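Reviewing the structure listed below.
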2 protein chains.
Amino acid sequence: MSRDLVPAELAERIAAGEPLALAQGITHVENETPGFEALLEELDARLGRARRIGVTGPPGAGKSTLTAELTRHYRAGDLTVGIIAVDPTSPFTGGALLGDRIRMNELTTEPGVFIRSMASRGSLGGLATATREAADLMDAAGYDRVILETLGVGQSELDIAASADTTAVVLVPESGDGIQAMKAGLMEVADLFVINKSDRPGADRLEKEIAIMMSIREGTARRTTEAGWKPPIVQTVASAGEGVSELSDRLDRHFEWLTETDRLDARRAERRLGRARAALLRRAQRDAERIWRTEDLESLDGDTPYGVARTLHARMRGDAGGAVG
Amino acid sequence: MSRDLVPAELAERIAAGEPLALAQGITHVENETPGFEALLEELDARLGRARRIGVTGPPGAGKSTLTAELTRHYRAGDLTVGIIAVDPTSPFTGGALLGDRIRMNELTTEPGVFIRSMASRGSLGGLATATREAADLMDAAGYDRVILETLGVGQSELDIAASADTTAVVLVPESGDGIQAMKAGLMEVADLFVINKSDRPGADRLEKEIAIMMSIREGTARRTTEAGWKPPIVQTVASAGEGVSELSDRLDRHFEWLTETDRLDARRAERRLGRARAALLRRAQRDAERIWRTEDLESLDGDTPYGVARTLHARMRGDAGGAVG
């Protein structure tokens, strides 16, 4: 289905900004086609230009509309934007109501905008790693902003959004989900809160709630523990474009803060370490998958699942070096 | 924090039905304490008595209330019930509004009921495996029913619910999320639909929607492809206990169908295979984690993340058998 991968060639085309090459590259990464790591490695030196923005929150918070409006704002300022949607309810991934999806789709034909949805199928962390690597490819392709939209439910979804330079948590008034969402771990990943649909009653009350919860949980929040950054709260009506410019300013402000305090470098060094660790785990997992596929499982009939795993694991280690571990 | 694990001893106490031993066993499995696999293996021969029921759906559908009422129904029939909640918004896990949580907590002191929440922290599939194994322990401990409550958002959450013998998808009228939830993959895992809060307007309309969507997607649904089972739709008002008895009947009916058609054995054989595969992957992952922790990463400074992974992977394979793979 996918074309043959010649890493150096494809890397060059991605670096030159060819959208088709970028799309192919992401597919290679998603499918772990042979050579996909070489592709990522080729592009490694080009990383670090893009500002990465995570957008997360409960279903129905308007994350996609906000992402779309933010993208229009950036385009108006002549910045290019890559968008990755891993939210199954996002219009970008085809999960939302028809009207929303049509609105989002207008963006797909906009020059300087690249949209990609990632399927939430792997249950073993593959998606989280592939999504981060897709963001790397967009970075290498020269996009000024890379937006990662994820559903704020489930730890890996949150982790993906939190892997950005700046993570915006989007909530809505009246949902009653505010507190529940907080408890689901959203508080810990927020560099910035957005109260979307803020023309609805309850926006100010929600803002107060968030402020209170922040003050209570100050000690536990991932990104505020090191002190010096108090996540701002921005009210928006994304569907009308209201507040989007302020949101953009606040995002810039956070990025400046990261830069001034050397946290940007620290965060990016951490990102590289995370990538190495994930790549190592992926290799180990592939070894295991390979032996699972190739071994004769019927001969292990009658053993417990754990006995089977033990036997295959020993063979796997033995295969590698010639002796049974 | 956790006590020393002597697998055979703890297995005996779990098999004897000691709740404290069961709680300890699940903690061992969750933390992958040395010996946890031996514990699972000791209990392997005792598996297969419990009927496992998955309960999943969007946030706010009332899954926990339904689980609680179903549990009361089973208790009234003198059946014992184990509950595993992996839903971060569930009152069982402390994620919901206070009132709900108090109601759920009443169950925790009920004899014959064992409730456990699983933290949704591992982003590498560890949770999904540990949750299934916790269900195994409850099965081995002799609980007649094991209910797995998960949030129906995110593939691994759905997969956990779908690993049960029978999976109930809970929806509510008026949420507007019905179609979105469907698109998030709920349709594929449903052996049975529950329309909860059916005293609200729109219950009948939702029922029709589900029926239509089922007929459209018949070919793609995981569990209907083999034909012979049409997921029934049950209307409930869980908070008032309404429809719970009918739900219980329908669950029983599905279980009978599984038994009559030999699908129960097939599903359970598949479960054992899945357990072996997950255990093998976990072992490989632990090998990788071990080398990640013990190797001197600073000496690899300057290399790309993929170069680092390659080097460590080679060492990992070399470590096992004495040669570099």
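Chains: A, B, ... in order of the structure tokens. Residues: from 1 per chain. Ligands: from 1, in order shown.
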
### Query
Residues of stretch 37-101 of chain B in alpha helix (DSSP H) according to DSSP, as a ChimeraX atom specification?
/B:37-43,63-76,98-101

Go ahead and save the picked residues with C-alpha atoms, as a short mmCIF file (atom, residue, chain, number, x, y, z; two decimals), in the first residue's frame.
```cif
data_model
loop_
_atom_site.label_atom_id
_atom_site.label_comp_id
_atom_site.auth_asym_id
_atom_site.auth_seq_id
_atom_site.Cartn_x
_atom_site.Cartn_y
_atom_site.Cartn_z
CA GLU B 37 3.46 -14.05 37.51
CA ALA B 38 4.02 -17.09 39.66
CA LEU B 39 0.95 -16.04 41.64
CA LEU B 40 -1.14 -15.82 38.47
CA GLU B 41 0.22 -19.15 37.33
CA GLU B 42 -0.65 -20.81 40.63
CA LEU B 43 -4.25 -19.71 40.20
CA LYS B 63 -22.11 3.33 34.28
CA SER B 64 -21.19 3.22 37.96
CA THR B 65 -24.76 3.59 39.17
CA LEU B 66 -25.77 0.83 36.80
CA THR B 67 -22.90 -1.33 38.01
CA ALA B 68 -23.94 -0.69 41.60
CA GLU B 69 -27.58 -1.57 40.93
CA LEU B 70 -26.67 -4.67 38.97
CA THR B 71 -24.47 -5.67 41.88
CA ARG B 72 -27.35 -5.23 44.32
CA HIS B 73 -29.51 -7.34 42.04
CA TYR B 74 -26.91 -10.10 41.99
CA ARG B 75 -26.47 -9.93 45.75
CA ALA B 76 -30.23 -10.31 46.18
CA LEU B 98 -19.36 13.59 45.99
CA GLY B 99 -22.99 12.45 46.17
CA ASP B 100 -22.46 9.67 43.66
CA ARG B 101 -19.34 8.55 45.36
#
```

### Query
Pick the closest to A:Pro173 from A:Ser156, A:Ser215, A:Gln235, A:Thr108: which is it, counting only C-alpha atoms?
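Using only C-alpha atoms, A:Pro173 sits closest to A:Gln235.
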
### Message
What's the separation between atom CA of A:Val55 and atom CA of A:Ile147, in Å to one decimal place?
### Response
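Straight-line distance from atom CA of A:Val55 to atom CA of A:Ile147 works out to 7.0 Å.
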
### Task
Please identify which residues in stretch 161-216 of chain A DSSP calls strand (DSSP E or B) from the backbone, and express them as a list in words.
Thr166, Thr167, Ala168, Val169, Val170, Leu171, Leu192, Phe193, Val194 and Ile195 of chain A

#### Entry: Which of B:Glu256, B:Asp199, B:Glu157, B:Glu188 sits closest to chain A [using only C-alpha atoms]
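Among B:Glu256, B:Asp199, B:Glu157, B:Glu188, it is B:Glu157 that comes nearest to chain A.
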
#### Entry: Point-to-point distance in Å for atom CA of A:Ser299 and atom CA of A:Arg315
13.8 Å

Applying 10 Å and only C-alpha atoms, which residues near stretch 260-265 of chain B remain after dropping the ones on its own chain fewer than 6 positions away? List them as a JSON list (two decimals) with N, CA and C atoms, in the first residue's frame.
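Saved the output as result-v4.json:
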```json
[["chain", "number", "residue", "atom", "x", "y", "z"],
["B", 48, "GLY", "N", -12.25, -19.47, 35.18],
["B", 48, "GLY", "CA", -13.33, -19.89, 34.30],
["B", 48, "GLY", "C", -14.68, -20.02, 34.97],
["B", 165, "ASP", "N", -16.72, -11.56, 28.99],
["B", 165, "ASP", "CA", -17.54, -12.51, 28.23],
["B", 165, "ASP", "C", -18.66, -11.76, 27.52],
["B", 166, "THR", "N", -19.22, -10.80, 28.21],
["B", 166, "THR", "CA", -20.33, -10.02, 27.68],
["B", 166, "THR", "C", -20.06, -8.54, 27.93],
["B", 226, "GLU", "N", -19.85, -13.05, 13.24],
["B", 226, "GLU", "CA", -20.02, -14.50, 13.17],
["B", 226, "GLU", "C", -21.51, -14.87, 13.17],
["B", 228, "GLY", "N", -25.71, -14.62, 14.41],
["B", 228, "GLY", "CA", -26.43, -15.38, 15.43],
["B", 228, "GLY", "C", -26.76, -14.58, 16.67],
["B", 254, "HIS", "N", -27.25, -13.74, 26.94],
["B", 254, "HIS", "CA", -26.05, -13.71, 26.10],
["B", 254, "HIS", "C", -25.06, -14.79, 26.52],
["B", 271, "ARG", "N", -8.71, -15.63, 25.13],
["B", 271, "ARG", "CA", -8.27, -14.85, 26.29],
["B", 271, "ARG", "C", -6.94, -15.39, 26.83]]
```

### Query
Within 12 Å of B:Arg272, counting only C-alpha atoms, which residues qualify if same-chain residues fewer than 2 places away don't, as an MDAnalysis selection string?
(chainID A and resid 297 301:309) or (chainID B and resid 41 44:45 47:48 129 132:133 136 163 265:270 274:279)

Can you write out the residues you just picked, keeping C-alpha atoms, as a compact mmCIF listing (two decimals), in the first residue's frame?
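So again07.txt came out as:
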```txt
# COMPACT_ATOMS: atom_id res chain seq x y z
CA LEU A 297 2.20 -22.14 19.73
CA ASP A 301 -0.71 -26.39 24.43
CA GLY A 302 -1.50 -27.43 27.94
CA ASP A 303 0.93 -24.98 29.49
CA THR A 304 -0.35 -21.92 31.36
CA PRO A 305 -0.22 -18.56 29.56
CA TYR A 306 2.67 -17.58 31.84
CA GLY A 307 4.53 -20.78 31.09
CA VAL A 308 4.12 -20.09 27.37
CA ALA A 309 5.41 -16.55 27.83
CA GLU B 41 0.22 -19.15 37.33
CA ASP B 44 -4.51 -20.50 36.51
CA ALA B 45 -6.31 -23.80 36.99
CA LEU B 47 -10.09 -19.71 36.22
CA GLY B 48 -13.33 -19.89 34.30
CA THR B 129 -2.97 -6.31 30.99
CA ARG B 132 -7.42 -8.35 32.88
CA GLU B 133 -5.19 -10.16 35.36
CA ASP B 136 -8.45 -13.34 36.72
CA SER B 163 -12.20 -8.63 27.07
CA ASP B 265 -14.81 -21.74 25.00
CA ALA B 266 -13.47 -20.00 21.92
CA ARG B 267 -13.55 -16.63 23.64
CA ARG B 268 -11.78 -18.03 26.68
CA ALA B 269 -9.13 -19.83 24.64
CA GLU B 270 -8.53 -16.53 22.90
CA GLY B 274 -3.95 -12.95 24.73
CA ARG B 275 -2.65 -13.36 28.26
CA ALA B 276 0.40 -15.28 27.03
CA ARG B 277 1.15 -12.70 24.36
CA ALA B 278 0.79 -9.81 26.82
CA ALA B 279 3.02 -11.58 29.34
```

### Query
For chain B, which of A:Pro58, A:Gly25, A:Gly241, A:Gly82 is the closest residue, counting only C-alpha atoms?
A:Pro58

### Query
From the set B:Glu18, B:Asp296, B:Asp287, B:Glu242, which residue has the shortest atom-to-atom contact distance to B:Gly142, counting only C-alpha atoms?
B:Glu18
